Every structure is written in structure tokens, then in C-alpha cells.
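Peer 1: Dropping in structure28.tsv, which is TSV, C-alpha atoms and all ligand atoms:
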```tsv
chain	number	residue	atom	x	y	z
G	2	MET	CA	111.20	35.01	97.20
G	3	GLU	CA	108.20	33.49	98.93
G	4	VAL	CA	105.25	32.39	96.79
G	5	VAL	CA	101.93	31.88	98.57
G	6	ILE	CA	99.10	30.20	96.65
G	7	VAL	CA	95.70	31.16	98.05
G	8	PRO	CA	92.28	29.78	97.05
G	9	ASP	CA	90.87	33.09	95.82
G	10	ALA	CA	91.32	36.85	95.62
G	11	ALA	CA	89.55	37.49	98.94
G	12	SER	CA	91.98	35.18	100.80
G	13	GLY	CA	94.91	36.98	99.17
G	14	GLY	CA	93.45	40.32	100.26
G	15	GLU	CA	93.03	39.06	103.83
G	16	LEU	CA	96.59	37.68	104.01
G	17	ILE	CA	98.18	40.92	102.79
G	18	ALA	CA	95.89	43.15	104.90
G	19	GLU	CA	96.94	41.15	107.97
G	20	ALA	CA	100.62	41.69	107.06
G	21	MET	CA	99.92	45.44	106.82
G	22	ALA	CA	98.04	45.38	110.14
G	23	GLU	CA	100.86	43.49	111.87
G	24	LEU	CA	103.38	46.01	110.53
G	25	LEU	CA	101.26	48.90	111.85
G	26	ARG	CA	100.93	47.25	115.28
G	27	HIS	CA	104.74	47.37	115.58
G	28	LYS	CA	105.32	50.59	113.65
G	29	PRO	CA	102.18	52.78	113.79
G	30	ASP	CA	103.58	55.39	111.37
G	31	ALA	CA	104.71	52.83	108.76
G	32	LEU	CA	104.85	54.06	105.17
G	33	LEU	CA	102.62	51.82	103.03
G	34	GLY	CA	103.13	51.90	99.27
G	35	VAL	CA	99.94	51.10	97.43
G	36	ALA	CA	99.05	50.19	93.87
G	37	THR	CA	96.09	50.87	91.63
G	38	GLY	CA	94.17	48.58	89.29
G	39	SER	CA	91.48	46.05	90.20
G	40	THR	CA	93.71	43.46	91.87
G	41	PRO	CA	94.56	45.27	95.15
G	42	LEU	CA	90.95	46.14	96.00
G	43	PRO	CA	90.41	43.04	98.23
G	44	VAL	CA	93.46	44.13	100.27
G	45	TYR	CA	91.98	47.59	100.83
G	46	GLU	CA	88.58	46.15	101.75
G	47	ALA	CA	90.13	43.69	104.22
G	48	LEU	CA	92.31	46.33	105.90
G	49	THR	CA	89.35	48.73	106.17
G	50	ALA	CA	87.32	45.92	107.81
G	51	LYS	CA	90.12	45.34	110.35
G	52	VAL	CA	90.21	49.03	111.22
G	53	ARG	CA	86.42	49.15	111.65
G	54	ALA	CA	86.55	46.01	113.83
G	55	GLY	CA	89.17	47.66	116.06
G	56	GLU	CA	91.84	45.07	115.22
G	57	VAL	CA	94.38	47.72	114.21
G	58	SER	CA	94.72	51.49	114.26
G	59	VAL	CA	95.89	53.23	111.12
G	60	SER	CA	95.66	56.76	112.54
G	61	ALA	CA	99.44	57.38	112.22
G	62	ALA	CA	99.91	55.41	108.98
G	63	ARG	CA	101.38	57.10	105.93
G	64	ILE	CA	100.45	56.13	102.39
G	65	CYS	CA	102.41	56.62	99.18
G	66	GLN	CA	101.67	56.20	95.53
G	67	LEU	CA	103.44	53.94	93.06
G	68	ASP	CA	102.75	55.66	89.76
G	69	GLU	CA	100.69	58.35	88.07
G	70	TYR	CA	99.45	59.47	84.68
G	71	VAL	CA	101.08	62.56	83.22
G	72	GLY	CA	98.83	65.37	82.07
G	73	LEU	CA	95.46	64.52	83.63
G	74	PRO	CA	94.11	67.68	85.27
G	75	HIS	CA	94.32	67.98	89.04
G	76	GLY	CA	91.34	66.15	90.58
G	77	HIS	CA	90.60	64.01	87.48
G	78	PRO	CA	88.72	60.96	88.87
G	79	GLU	CA	91.07	58.51	87.12
G	80	SER	CA	94.33	60.16	88.15
G	81	TYR	CA	95.97	57.61	90.41
G	82	ARG	CA	96.10	60.23	93.17
G	83	SER	CA	92.28	60.42	93.05
G	84	VAL	CA	91.97	56.62	92.85
G	85	VAL	CA	94.19	55.95	95.88
G	86	LEU	CA	92.49	58.71	97.91
G	87	ARG	CA	89.05	57.31	97.01
G	88	GLU	CA	89.74	53.58	97.35
G	89	PHE	CA	92.19	53.45	100.23
G	90	VAL	CA	92.92	56.68	102.09
G	91	ALA	CA	89.30	57.85	102.56
G	92	PRO	CA	87.83	54.44	103.58
G	93	LEU	CA	90.57	54.17	106.23
G	94	GLY	CA	89.49	57.55	107.59
G	95	LEU	CA	92.92	59.06	106.94
G	96	PRO	CA	93.43	62.71	106.02
G	97	GLU	CA	94.88	63.69	102.64
G	98	SER	CA	97.97	64.92	104.52
G	99	SER	CA	98.88	61.27	105.28
G	100	PHE	CA	99.32	60.66	101.56
G	101	MET	CA	102.16	61.42	99.17
G	102	GLY	CA	102.59	60.90	95.44
G	103	PRO	CA	104.34	62.27	92.36
G	104	ASP	CA	102.86	65.37	90.72
G	105	GLY	CA	101.45	64.28	87.35
G	106	THR	CA	100.40	67.87	86.57
G	107	ALA	CA	103.92	69.34	86.91
G	108	GLU	CA	105.29	71.31	83.95
G	109	ASP	CA	108.78	70.07	84.80
G	110	VAL	CA	108.16	66.33	84.94
G	111	ALA	CA	111.81	65.41	85.50
G	112	ALA	CA	111.96	67.69	88.54
G	113	ALA	CA	108.70	66.18	89.87
G	114	CYS	CA	110.20	62.67	89.55
G	115	ALA	CA	113.41	63.62	91.35
G	116	ALA	CA	111.37	65.40	94.04
G	117	TYR	CA	109.30	62.27	94.64
G	118	ASP	CA	112.34	60.01	95.03
G	119	ARG	CA	113.78	62.55	97.51
G	120	ALA	CA	110.47	62.72	99.40
G	121	LEU	CA	110.33	58.92	99.74
G	122	ALA	CA	113.87	58.84	101.12
G	123	GLU	CA	113.20	61.74	103.50
G	124	ALA	CA	110.10	59.90	104.75
G	125	GLY	CA	112.40	57.06	105.83
G	126	GLY	CA	111.64	54.75	102.89
G	127	VAL	CA	108.69	52.52	102.12
G	128	ASP	CA	108.03	49.79	104.72
G	129	LEU	CA	105.70	47.62	102.63
G	130	GLN	CA	105.10	48.13	98.92
G	131	LEU	CA	102.05	46.43	97.42
G	132	LEU	CA	102.23	45.67	93.70
G	133	GLY	CA	99.98	44.26	91.02
G	134	ILE	CA	101.36	42.94	87.76
G	135	GLY	CA	100.50	43.83	84.19
G	136	GLY	CA	99.79	41.10	81.65
G	137	ASP	CA	103.19	41.92	80.09
G	138	GLY	CA	104.97	41.60	83.45
G	139	HIS	CA	105.12	45.31	84.30
G	140	ILE	CA	105.15	46.58	87.87
G	141	GLY	CA	104.05	50.14	88.58
G	142	PHE	CA	104.27	51.51	85.07
G	143	ASN	CA	107.70	50.02	84.40
G	144	GLU	CA	107.03	48.58	80.97
G	145	PRO	CA	109.15	45.78	79.43
G	146	SER	CA	112.72	46.99	78.71
G	147	SER	CA	112.73	49.21	81.83
G	148	SER	CA	116.12	49.44	83.51
G	149	LEU	CA	116.22	47.16	86.54
G	150	ALA	CA	118.11	49.96	88.34
G	151	SER	CA	115.69	52.74	87.33
G	152	ARG	CA	114.53	55.51	89.64
G	153	THR	CA	111.25	57.42	89.46
G	154	ARG	CA	110.95	58.82	85.94
G	155	ILE	CA	108.65	59.41	82.97
G	156	LYS	CA	107.71	56.37	80.86
G	157	THR	CA	105.67	55.80	77.69
G	158	LEU	CA	102.89	53.21	77.99
G	159	THR	CA	102.70	50.30	75.56
G	160	GLU	CA	99.54	50.07	73.49
G	161	ARG	CA	98.66	46.88	75.40
G	162	THR	CA	98.72	48.69	78.74
G	163	ARG	CA	96.74	51.64	77.33
G	164	ARG	CA	94.11	49.18	76.06
G	165	ASP	CA	94.05	47.32	79.40
G	166	ASN	CA	93.49	50.60	81.26
G	167	ALA	CA	90.94	52.01	78.78
G	168	ARG	CA	88.15	50.41	80.86
G	169	PHE	CA	88.60	53.20	83.40
G	170	PHE	CA	88.10	55.93	80.77
G	171	ASP	CA	85.32	56.73	78.30
G	172	SER	CA	87.53	55.85	75.33
G	173	LEU	CA	91.04	54.61	74.46
G	174	GLU	CA	91.94	58.08	73.19
G	175	GLU	CA	91.55	59.49	76.71
G	176	VAL	CA	94.19	57.15	78.20
G	177	PRO	CA	97.42	59.16	78.56
G	178	HIS	CA	100.52	57.95	76.72
G	179	HIS	CA	102.91	59.16	79.41
G	180	VAL	CA	103.21	58.29	83.07
G	181	ILE	CA	105.45	58.81	86.09
G	182	THR	CA	106.42	55.62	87.86
G	183	GLN	CA	108.61	54.68	90.78
G	184	GLY	CA	111.57	53.01	89.08
G	185	ILE	CA	112.37	49.36	89.59
G	186	GLY	CA	115.33	50.41	91.75
G	187	THR	CA	113.00	52.66	93.75
G	188	ILE	CA	110.52	49.81	94.27
G	189	LEU	CA	113.32	47.48	95.37
G	190	ASP	CA	114.29	50.00	98.09
G	191	ALA	CA	111.08	49.11	99.99
G	192	ARG	CA	111.74	46.91	103.02
G	193	HIS	CA	109.08	44.37	102.03
G	194	VAL	CA	107.63	44.03	98.53
G	195	VAL	CA	104.33	42.15	98.15
G	196	LEU	CA	102.95	41.35	94.70
G	197	LEU	CA	99.34	40.17	94.38
G	198	ALA	CA	98.13	38.54	91.15
G	199	THR	CA	94.74	36.96	90.58
G	200	GLY	CA	93.06	35.37	87.57
G	201	GLY	CA	94.27	33.25	84.66
G	202	ALA	CA	95.16	36.31	82.56
G	203	LYS	CA	98.14	36.87	84.88
G	204	ALA	CA	99.39	33.25	84.87
G	205	ASP	CA	102.04	33.68	82.16
G	206	ALA	CA	103.38	36.93	83.62
G	207	VAL	CA	103.58	35.39	87.11
G	208	ALA	CA	105.43	32.29	85.87
G	209	LEU	CA	107.95	34.41	83.95
G	210	ALA	CA	108.44	36.76	86.91
G	211	VAL	CA	108.91	33.99	89.49
G	212	GLU	CA	110.55	31.18	87.53
G	213	GLY	CA	111.93	32.87	84.42
G	214	PRO	CA	115.30	34.55	84.03
G	215	LEU	CA	115.92	37.98	85.52
G	216	SER	CA	115.12	40.21	82.59
G	217	ALA	CA	114.21	43.80	81.80
G	218	LEU	CA	111.65	42.29	79.40
G	219	VAL	CA	109.75	41.03	82.48
G	220	PRO	CA	110.10	43.91	84.97
G	221	ALA	CA	108.48	41.92	87.81
G	222	SER	CA	111.36	39.41	87.61
G	223	ALA	CA	113.41	42.09	89.42
G	224	LEU	CA	111.67	40.93	92.61
G	225	GLN	CA	114.05	37.96	92.47
G	226	LEU	CA	116.74	40.42	93.62
G	227	HIS	CA	114.82	41.52	96.72
G	228	PRO	CA	115.68	39.95	100.11
G	229	HIS	CA	112.03	40.10	101.29
G	230	ALA	CA	109.65	39.67	98.36
G	231	THR	CA	106.31	37.88	98.68
G	232	VAL	CA	104.21	36.86	95.68
G	233	VAL	CA	100.59	36.05	96.56
G	234	VAL	CA	98.64	34.32	93.78
G	235	ASP	CA	95.27	32.62	93.49
G	236	GLU	CA	94.99	29.17	91.89
G	237	ALA	CA	94.32	30.61	88.41
G	238	ALA	CA	97.31	32.98	88.48
G	239	ALA	CA	99.47	30.11	89.84
G	240	SER	CA	98.43	27.70	87.09
G	241	ARG	CA	101.68	27.99	85.08
G	242	LEU	CA	104.09	27.70	88.00
G	243	LYS	CA	106.29	24.61	87.73
G	244	LEU	CA	107.11	24.73	91.44
G	245	ALA	CA	103.49	25.14	92.61
G	246	ASP	CA	103.54	21.97	94.73
G	247	TYR	CA	106.77	23.04	96.42
G	248	PHE	CA	105.34	26.51	97.15
G	249	ARG	CA	102.16	24.93	98.62
G	250	ALA	CA	104.09	22.51	100.83
G	251	THR	CA	106.48	25.21	102.04
G	252	TYR	CA	103.69	27.56	103.05
G	253	ALA	CA	101.62	24.77	104.65
G	254	SER	CA	104.48	23.86	106.98
G	255	LYS	CA	105.27	27.46	107.95
G	256	PRO	CA	104.48	28.42	111.55
G	257	ASP	CA	101.68	30.99	111.85
G	258	TRP	CA	103.79	33.44	113.87
G	259	GLN	CA	106.14	33.90	110.93
G	260	GLY	CA	103.64	35.83	108.79
G	261	ILE	CA	104.69	36.62	105.24
C	301	LIG	C1	98.36	49.42	85.91
C	301	LIG	C2	99.07	49.85	87.18
C	301	LIG	C3	99.78	48.69	87.84
C	301	LIG	C4	98.83	47.50	87.98
C	301	LIG	C5	98.34	47.08	86.61
C	301	LIG	C6	97.45	45.87	86.64
C	301	LIG	O1	99.24	49.30	84.87
C	301	LIG	N1	100.01	50.91	86.90
C	301	LIG	O2	100.28	49.10	89.11
C	301	LIG	O3	99.49	46.44	88.60
C	301	LIG	O4	97.62	48.20	86.06
C	301	LIG	O5	96.14	46.22	86.99
C	301	LIG	P1	95.00	45.17	87.36
C	301	LIG	O6	95.29	44.77	88.76
C	301	LIG	O7	93.72	45.93	87.23
C	301	LIG	O8	95.13	44.04	86.41
```
Just give me the structure as C-alpha cells.
Peer 2:
Amino acid sequence: MEVVIVPDAASGGELIAEAMAELLRHKPDALLGVATGSTPLPVYEALTAKVRAGEVSVSAARICQLDEYVGLPHGHPESYRSVVLREFVAPLGLPESSFMGPDGTAEDVAAACAAYDRALAEAGGVDLQLLGIGGDGHIGFNEPSSSLASRTRIKTLTERTRRDNARFFDSLEEVPHHVITQGIGTILDARHVVLLATGGAKADAVALAVEGPLSALVPASALQLHPHATVVVDEAAASRLKLADYFRATYASKPDWQGI
């Protein structure tokens, strides 16, 4: 696992957007897995700026979703499908047909989950999966105690996660209890997994994920199993890392051509 400590969220966004751009320069139809929440927004802004500046073309790129609420009506502005289309797919100028995600409106949720795992495999697998991290260490919507081998399935949100996400809804009552999420095993199938965490509220979760034991209680610790996992953190999110100086020195001496 590589840990990169950046001065601020904008630098983290730039670093990851450049990794996405470099991937697309070599593989124009790469499948990019994207996350929701506030943290990834600087990545989406930086990649959009690169496209507008002519530094990379995304015209053949494909985008896929990490997780979704169950039961929000089709087109609900806070369904993750709507959020990803609004914050990433549309600003890049991509058509909706370039995007795939699980169907949170399906009557048969189990079938929708299995169909999404099949669709990801048939698409050739995810090339780069961007992740945020929940304050309790969750990735996607894999809450603590999630199987580290799990596939896409239905999960029940913890009250903490529902409260964290209530800011996107008019009230806590409107936040769904159930979600569909790529499983931890599904996430680990991506060729490159990049987790971005910013702000002091994520410092404990980051330290447990990077330096703690591999544990279903900290789902993000599963990244320790991945052969190409990159954790990008700002100074505040890095503040509990015991190996911070080592991570800084390692990255500082890395040749530019190597990327992340
Ligand atoms: C939700 C999403 C996660 C995201 C997390 C943190 O739970 N399902 O993918 O990482 O929120 O969001 P934020 O980046 O806003 O803290």
C-alpha cells in the first residue's frame, strides 16, 4: 500500500485526477469507478479542468458506481445515480450511456446486485476505483462487520452513517436504511484502488485502515490485501499515522514518471 500525504484536498484531487488522465491516455475506454460524498469532489473538478484544457480526452471513458440507496424513486436528486451523473458524468460531457450502476429501484434487490457484479465483469473489470472512507472505516457502504470477501449485495446502514448522510436530505427520516454496495471483494477486483481522505474527522479511520490489523470491523483495512492500493490523505487526515515521516520520505524520493 502506498500512502501519499498531500498539503490539502485540492492537491489530493489534482494527484488523483492526473492518475485518471494518465490511465485514459493509455486506455481511452478505461472503466473508472467513482464514489460519492464530499471528499471526491476535488478529483472531479480537477479532471474536468484537464478535459477542458485539452490535456486528456474522456470521450471513450466508462464510469461506474460504487453504491446506491435502496428505495429512492428513479431520478431522486440524492440517489447516487443522480449524484454521479450530476457531479461527474455531465461535467465531463459524457452521455448517460457511458455510465453503469446498480438498480436501487429494483423489486428484486438480490437479482439487481448479482446483475451488477456480472455487468462489471462483462465490462472487463474496473481499472481505477476511487474511494472515500466513512468515519467508522467503511468503504462504499460496507459497514463494520462486512465480509472482506463480500460481493455486491444489500446492506443496512448504521445510525452513524445515516446521521452523517442526513445533510444531503431534508431530515434524518428521509435517509434510507438499506443500500446496495459493491462488496469488499468486488472493490478489491479493481486493478488500482485509490482512497482519498481529507480532514481531521477521518484521521482515526485512516490510521486504523492503514496501520491497524486487517479486520472486518474496519472495512477499509481490506485495502492492505490489494497489490495496487494508494491512500491519499491531507495533513489533517494523516495526523494519527505513526509512519507519516516514512510515507513522506518515500513519496519525496519517488521519480515523477512512476505516478501513483
Ligand atoms: C458515504 C458513501 C461513501 C463515502 C462516505 C464518506 O457513506 N457511501 O462512499 O466514502 O459517504 O463521505 P464523505 O466523503 O462526504 O465524508
Peer 1: Kindly indicate which residue among G:Val211, G:Ala167, G:Ala62, G:Ile17 lies nearest to G:Glu79, using only C-alpha atoms for the distances.
Peer 2: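 Closest candidate: G:Ala167.
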Peer 1: Can you tell me which residues come within 6 Å of ligand LIG 301 (chain C) when counting only C-alpha atoms and all ligand atoms, ideally as number ranges by chain?
Peer 2: G: 36-40, 132-135, 140-142
Peer 1: In Å to one decimal, how far is atom CA of G:Gly102 from atom CA of G:Tyr81?
Peer 2: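 Value for the atom CA of G:Tyr81-atom CA of G:Gly102 distance: 8.9 Å.
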Peer 1: For stretch 176-242 of chain G versus stretch 150-158 of chain G, which residues have an atom no more than 9 Å away, and what is each residue's nearest atom pair and distance in Å rounded to one decimal, using only C-alpha atoms, chain-then-number order, as a Markdown table?
Peer 2:
```
| residue | atom | partner | partner_atom | distance |
| --- | --- | --- | --- | --- |
| G:Pro177 | CA | G:Leu158 | CA | 8.1 |
| G:His178 | CA | G:Leu158 | CA | 5.4 |
| G:His179 | CA | G:Thr157 | CA | 4.7 |
| G:Val180 | CA | G:Lys156 | CA | 5.4 |
| G:Ile181 | CA | G:Ile155 | CA | 4.5 |
| G:Thr182 | CA | G:Thr153 | CA | 5.4 |
| G:Gln183 | CA | G:Thr153 | CA | 4.0 |
| G:Gly184 | CA | G:Arg152 | CA | 3.9 |
| G:Ile185 | CA | G:Ser151 | CA | 5.2 |
| G:Gly186 | CA | G:Ala150 | CA | 4.4 |
| G:Thr187 | CA | G:Arg152 | CA | 5.2 |
| G:Ile188 | CA | G:Arg152 | CA | 8.4 |
| G:Leu189 | CA | G:Ala150 | CA | 8.9 |
```
Peer 1: Which residue, G:Pro220, G:Pro256, G:Pro8, G:Pro29, has the smallest gap to G:Pro145 when you use all atoms listed in the file?
Peer 2: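 For G:Pro145, the nearest of the given residues is G:Pro220.
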Peer 1: For a quick check of understanding, using all atoms listed in the file, which of G:Glu3, G:Glu144, G:Asp30, G:Glu97 has the smallest distance to G:Val59?
Peer 2: G:Asp30
Peer 1: Which value, in Å to one decimal, gives the distance between atom CA of G:Leu95 and atom CA of G:Arg63?
Peer 2: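 Calculated distance between atom CA of G:Leu95 and atom CA of G:Arg63 is 8.7 Å.
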Peer 1: Mind checking which residues fall within 10 Å of G:Met21, counting all atoms listed in the file, ignoring those fewer than 5 positions away in the same chain, and posting them as a JSON list (two decimals) with C-alpha atoms, keeping the file's coordinate frame?
Peer 2:
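And here's out-v2.json as it stands now:
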```
[["chain", "number", "residue", "atom", "x", "y", "z"],
["G", 15, "GLU", "CA", 93.03, 39.06, 103.83],
["G", 16, "LEU", "CA", 96.59, 37.68, 104.01],
["G", 26, "ARG", "CA", 100.93, 47.25, 115.28],
["G", 31, "ALA", "CA", 104.71, 52.83, 108.76],
["G", 33, "LEU", "CA", 102.62, 51.82, 103.03],
["G", 44, "VAL", "CA", 93.46, 44.13, 100.27],
["G", 48, "LEU", "CA", 92.31, 46.33, 105.90],
["G", 57, "VAL", "CA", 94.38, 47.72, 114.21],
["G", 59, "VAL", "CA", 95.89, 53.23, 111.12],
["G", 128, "ASP", "CA", 108.03, 49.79, 104.72],
["G", 129, "LEU", "CA", 105.70, 47.62, 102.63],
["G", 130, "GLN", "CA", 105.10, 48.13, 98.92],
["G", 131, "LEU", "CA", 102.05, 46.43, 97.42]]
```
Peer 1: Residues around (94.2, 57.1, 77.7), cut-off 12 Å, counting all atoms listed in the file - what are they as a PDB file with C-alpha atoms, in the frame of the given file?
Peer 2:
```pdb
ATOM      1  CA  TYR G  70      99.450  59.470  84.680  1.00  0.00           C
ATOM      2  CA  VAL G  71     101.080  62.560  83.220  1.00  0.00           C
ATOM      3  CA  GLY G  72      98.830  65.370  82.070  1.00  0.00           C
ATOM      4  CA  LEU G  73      95.460  64.520  83.630  1.00  0.00           C
ATOM      5  CA  GLU G  79      91.070  58.510  87.120  1.00  0.00           C
ATOM      6  CA  SER G  80      94.330  60.160  88.150  1.00  0.00           C
ATOM      7  CA  THR G 157     105.670  55.800  77.690  1.00  0.00           C
ATOM      8  CA  LEU G 158     102.890  53.210  77.990  1.00  0.00           C
ATOM      9  CA  THR G 159     102.700  50.300  75.560  1.00  0.00           C
ATOM     10  CA  GLU G 160      99.540  50.070  73.490  1.00  0.00           C
ATOM     11  CA  ARG G 161      98.660  46.880  75.400  1.00  0.00           C
ATOM     12  CA  THR G 162      98.720  48.690  78.740  1.00  0.00           C
ATOM     13  CA  ARG G 163      96.740  51.640  77.330  1.00  0.00           C
ATOM     14  CA  ARG G 164      94.110  49.180  76.060  1.00  0.00           C
ATOM     15  CA  ASP G 165      94.050  47.320  79.400  1.00  0.00           C
ATOM     16  CA  ASN G 166      93.490  50.600  81.260  1.00  0.00           C
ATOM     17  CA  ALA G 167      90.940  52.010  78.780  1.00  0.00           C
ATOM     18  CA  ARG G 168      88.150  50.410  80.860  1.00  0.00           C
ATOM     19  CA  PHE G 169      88.600  53.200  83.400  1.00  0.00           C
ATOM     20  CA  PHE G 170      88.100  55.930  80.770  1.00  0.00           C
ATOM     21  CA  ASP G 171      85.320  56.730  78.300  1.00  0.00           C
ATOM     22  CA  SER G 172      87.530  55.850  75.330  1.00  0.00           C
ATOM     23  CA  LEU G 173      91.040  54.610  74.460  1.00  0.00           C
ATOM     24  CA  GLU G 174      91.940  58.080  73.190  1.00  0.00           C
ATOM     25  CA  GLU G 175      91.550  59.490  76.710  1.00  0.00           C
ATOM     26  CA  VAL G 176      94.190  57.150  78.200  1.00  0.00           C
ATOM     27  CA  PRO G 177      97.420  59.160  78.560  1.00  0.00           C
ATOM     28  CA  HIS G 178     100.520  57.950  76.720  1.00  0.00           C
ATOM     29  CA  HIS G 179     102.910  59.160  79.410  1.00  0.00           C
ATOM     30  CA  VAL G 180     103.210  58.290  83.070  1.00  0.00           C
TER      31      VAL G 180
END
```
Peer 1: How many Å lie between atom CA of G:Thr199 and atom CA of G:Arg241, rounded to one decimal?
Peer 2: 12.6 Å
Peer 1: Please provide as a list in words all residues within 10 Å of G:Val7, with the sequence filter that same-chain residues fewer than 6 positions apart are discarded (counting only C-alpha atoms).
Peer 2: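 These residues fall inside the cut-off: Gly13, Gly14, Leu16, Thr199, Val233, Val234, Asp235, Glu236, Ala237, Ala238, Ala239 and Arg249 of chain G.
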Peer 1: Give as a list of chain:residue names each residue that has an atom at most 10 Å from (111.7, 40.4, 100.9) in the file, counting all atoms listed in the file.
Peer 2: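 Within the cut-off we find G:Met2, G:Glu3, G:Leu129, G:Leu189, G:Ala191, G:Arg192, G:His193, G:Val194, G:Val195, G:Leu224, G:Gln225, G:Leu226, G:His227, G:Pro228, G:His229, G:Ala230, G:Thr231, G:Val232, G:Ile261.
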Peer 1: Measuring between all atoms listed in the file, which one of G:Leu197, G:Ala91, G:Ala124, G:Val4 shows the shortest distance to G:Glu212?
Peer 2: G:Val4
Peer 1: So, counting only C-alpha atoms, which residue among G:Leu25, G:Val85, G:Ala111, G:Val5 is closest to G:Ser58?
Peer 2: G:Leu25
Peer 1: Looking at G:Asp257, G:Ser83, G:Pro74, G:Lys28, which one is nearest to G:Glu108, with distances taken over only C-alpha atoms?
Peer 2: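 Under the stated criterion, the closest residue is G:Pro74.
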Peer 1: Need to verify the contact set: G:His75, 10 Å, all atoms listed in the file, exclusion of same-chain residues closer than 5 positions in sequence. Can you return it as an mmCIF file with C-alpha atoms, in the frame of the given file?
Peer 2:
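Heads up, here's the output in result13.cif:
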```cif
data_model
loop_
_atom_site.group_PDB
_atom_site.id
_atom_site.type_symbol
_atom_site.label_atom_id
_atom_site.label_comp_id
_atom_site.auth_asym_id
_atom_site.auth_seq_id
_atom_site.Cartn_x
_atom_site.Cartn_y
_atom_site.Cartn_z
ATOM 1 C CA SER G 80 94.330 60.160 88.150
ATOM 2 C CA ARG G 82 96.100 60.230 93.170
ATOM 3 C CA SER G 83 92.280 60.420 93.050
ATOM 4 C CA ASP G 104 102.860 65.370 90.720
ATOM 5 C CA GLY G 105 101.450 64.280 87.350
ATOM 6 C CA THR G 106 100.400 67.870 86.570
ATOM 7 C CA ALA G 107 103.920 69.340 86.910
#
```
Peer 1: With 6 Å of padding per side, what axis-aligned box (centre and edge lengths, Å, one decimal) covers all the listed atoms of stretch 64-67 of chain G? Give it as AutoDock Vina command-line options.
Peer 2:
```
--center_x 101.9 --center_y 55.3 --center_z 97.7 --size_x 15.0 --size_y 14.7 --size_z 21.3
```
